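Report on one structure; see the data block that follows.
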Amino acid sequence: MSYQLEAAMTAVHAPLALPPNEVVWQLLNVMDIGLLITDSARRILYVNEAFTRESGYRLEDVRGQTCAALQGPETNPVDIEVMRKALDRGEGFTRVVLNYRKDGQRMRYRVRVQPLYENGVLRYFVGVQEDYTEMHALLERLERWAHVDSLTGLGNRRAFDHALDRALEDASGVQLVLLDLNDFKLINDEQGHQAGDRLLVGVAQTLTGVLAGEGSVYRLGGDEFAALLPLAATHVATRLHGALASLRPESVSAAIGLAHAPAEARTASALFRLADSRMYEQKVYRRS
């Protein structure tokens with residue numbers, strides 16, 4: 001196949017043409033995967049029928065153009081740069097990229113490109129693309145689910161850890177709030193776990209409502225919640241105590257611990273320990 005491809009072009013700037021052996025191209029056209037071939041200057045020489053079905057582009061639409069014609073406003077510049085550098089080095093790559101169909105529809109493709117050399121000279125790039133749209137959407141959903149508490153819809157402990165790390169990188173600082181419900185076990189024991197679950201959902205909604213627009217709320221597990229707020233947020237504990245006390249069908253109380261970064265702690269573990277110890281002090285005081 002490399003001999004036939006070389007016959008298509010005797011030099012980089014020779015007129016674009018297909019090899020004379022039509023059997024080769026007929027075989028490529030029956031492949032059930034998108035195929036694209038460019039010259040060493042990255043001008044498109046050939047696309048097969050599977051490529052046309054997936055992208056909407058026929059050969060006459062893109063022949064002589066670069067693959068930039070397949071990209072659009074939301075194609076990630078990082079992806080473009082990574083691919084460009086690999087091609088500049090004459091190397092292959094595999095990457096999932098956002099391209100656009102001829103009708104403007106956004107599509108995710110898993111692209112694999114390999115260079116084709118003849119006697120040490122780069123002649124062509126051969127690209128294979130697979131529709132990755134559904135798989136990418138599935139992976140995004142799985143990623144979201146991995147960071148969301150299924151009961152309350154709040155971010156879970158994994159999401160909280162990531163958010164706290166990012167907040168600590170921000171020079172403006174962050175206020176960490178830990179909250180643990182009082183006597184939650186009694187509700188589960190006396191009223192059943194369904195009642196306990198309803199209460200947790202109600203608490204999550206209440207916390208989100210009270211802190212709306214100021215920060216983010218997370219369920220760390222069980223009856224323990226957390227919030228990340230800017231340092232400018234004031235009277236947080238008082239507001240939370242009041243909101244929980246007015247929760248219906250029954251009043252709810254909680255131990256609340258606050259800590260501030262960077263004034264009181266500079267690492268995630270130190271900040272969490274400080275807020276947790278203050279929350280625990282309230283638990284102990286309440287029991288005494």
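To be explicit about the labels: the chains of the structure tokens are called A, B, and onward in the order shown, and within each one the residues are counted from 1, while ligands get numbers from 1 in the order they are shown.
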query: What are the DSSP alpha helix (DSSP H) residues of stretch 141-235 of chain A, as a PyMOL selection string?
result: chain A and resi 141-145+157-169+184-191+193-210
query: Hey, what does DSSP flag as strand (DSSP E) within stretch 3-202 of chain A? Can you give it to me as number ranges by chain?
result: A: 34-39, 44-47, 93-100, 106-118, 121-131, 174-181
field: Counting only C-alpha atoms, the residue of A:Ala195, A:Val126, A:Ile44, A:Leu228 that sits nearest A:Leu211
entry: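 Of A:Ala195, A:Val126, A:Ile44, A:Leu228, the one nearest A:Leu211 is A:Leu228, counting only C-alpha atoms.
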- request: Do a neighbour search on A:Pro77 at 12 Å with only C-alpha atoms, toss out local chain neighbours closer than 4 positions, and write the hits as a PyMOL selection string.
  value: chain A and resi 68+71-73+81-84+97-99
Test item: residues at most 9 Å from stretch 197-208 of chain A, only C-alpha atoms, excluding those fewer than 6 positions along its chain, as a short mmCIF file (atom, residue, chain, number, x, y, z; two decimals) with N, CA, C and O atoms, in the first residue's frame:
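And here's result.cif as it stands now:
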data_model
loop_
_atom_site.label_atom_id
_atom_site.label_comp_id
_atom_site.auth_asym_id
_atom_site.auth_seq_id
_atom_site.Cartn_x
_atom_site.Cartn_y
_atom_site.Cartn_z
N LEU A 151 -28.09 9.90 47.87
CA LEU A 151 -29.29 10.19 48.65
C LEU A 151 -29.68 11.66 48.57
O LEU A 151 -30.82 12.02 48.29
N THR A 152 -28.73 12.54 48.82
CA THR A 152 -29.03 13.97 48.95
C THR A 152 -28.77 14.77 47.67
O THR A 152 -29.26 15.89 47.53
N GLY A 153 -27.97 14.22 46.77
CA GLY A 153 -27.60 14.97 45.58
C GLY A 153 -26.46 15.94 45.81
O GLY A 153 -26.04 16.64 44.88
N LEU A 154 -25.95 16.02 47.04
CA LEU A 154 -24.82 16.89 47.33
C LEU A 154 -23.53 16.22 46.85
O LEU A 154 -23.48 15.02 46.57
N PHE A 184 -29.06 11.65 65.79
CA PHE A 184 -29.57 11.09 64.54
C PHE A 184 -29.83 9.58 64.67
O PHE A 184 -30.77 9.04 64.10
N ILE A 187 -33.30 8.69 65.79
CA ILE A 187 -34.33 8.76 64.75
C ILE A 187 -34.35 7.48 63.94
O ILE A 187 -35.41 6.91 63.65
N ASN A 188 -33.18 6.99 63.56
CA ASN A 188 -33.11 5.73 62.82
C ASN A 188 -33.67 4.58 63.64
O ASN A 188 -34.41 3.73 63.12
N GLY A 215 -21.32 29.47 49.00
CA GLY A 215 -20.34 28.40 48.95
C GLY A 215 -20.97 27.10 48.52
O GLY A 215 -22.05 27.07 47.95
N SER A 216 -20.29 26.00 48.79
CA SER A 216 -20.74 24.68 48.37
C SER A 216 -20.92 23.78 49.59
O SER A 216 -20.20 23.90 50.58
N VAL A 217 -21.90 22.86 49.51
CA VAL A 217 -22.25 21.99 50.62
C VAL A 217 -22.03 20.54 50.20
O VAL A 217 -22.29 20.17 49.05
N TYR A 218 -21.57 19.71 51.13
CA TYR A 218 -21.24 18.32 50.85
C TYR A 218 -21.77 17.42 51.97
O TYR A 218 -21.88 17.85 53.12
N ARG A 219 -22.08 16.19 51.62
CA ARG A 219 -22.36 15.18 52.64
C ARG A 219 -21.16 14.26 52.71
O ARG A 219 -20.83 13.57 51.75
N GLY A 222 -22.91 9.39 56.51
CA GLY A 222 -23.76 9.34 57.69
C GLY A 222 -24.52 10.62 57.87
O GLY A 222 -25.20 11.10 56.96
N ASP A 223 -24.41 11.20 59.06
CA ASP A 223 -25.11 12.46 59.34
C ASP A 223 -24.14 13.62 59.43
O ASP A 223 -24.40 14.62 60.09
N PHE A 225 -22.00 16.62 57.56
CA PHE A 225 -21.99 17.48 56.38
C PHE A 225 -20.82 18.46 56.48
O PHE A 225 -20.26 18.68 57.56
N ALA A 227 -19.24 22.34 54.55
CA ALA A 227 -19.44 23.45 53.61
C ALA A 227 -18.12 24.20 53.47
O ALA A 227 -17.34 24.29 54.42
N LEU A 240 -26.94 28.62 60.58
CA LEU A 240 -27.21 27.19 60.40
C LEU A 240 -28.02 26.63 61.56
O LEU A 240 -28.96 25.85 61.35
N ALA A 243 -31.61 27.74 61.07
CA ALA A 243 -32.30 27.07 59.97
C ALA A 243 -32.65 25.64 60.33
O ALA A 243 -33.76 25.16 60.04
N LEU A 244 -31.74 24.93 61.01
CA LEU A 244 -32.02 23.55 61.39
C LEU A 244 -33.11 23.48 62.46
O LEU A 244 -33.95 22.57 62.47
N LEU A 247 -36.47 23.49 60.95
CA LEU A 247 -36.77 22.41 60.01
C LEU A 247 -37.98 21.63 60.49
O LEU A 247 -38.10 21.29 61.67
N ARG A 248 -38.87 21.32 59.59
CA ARG A 248 -40.06 20.57 59.92
C ARG A 248 -40.04 19.24 59.18
O ARG A 248 -39.45 19.14 58.11
N VAL A 252 -34.25 20.25 64.44
CA VAL A 252 -33.00 19.49 64.39
C VAL A 252 -31.89 20.35 64.97
O VAL A 252 -31.83 21.55 64.71
#
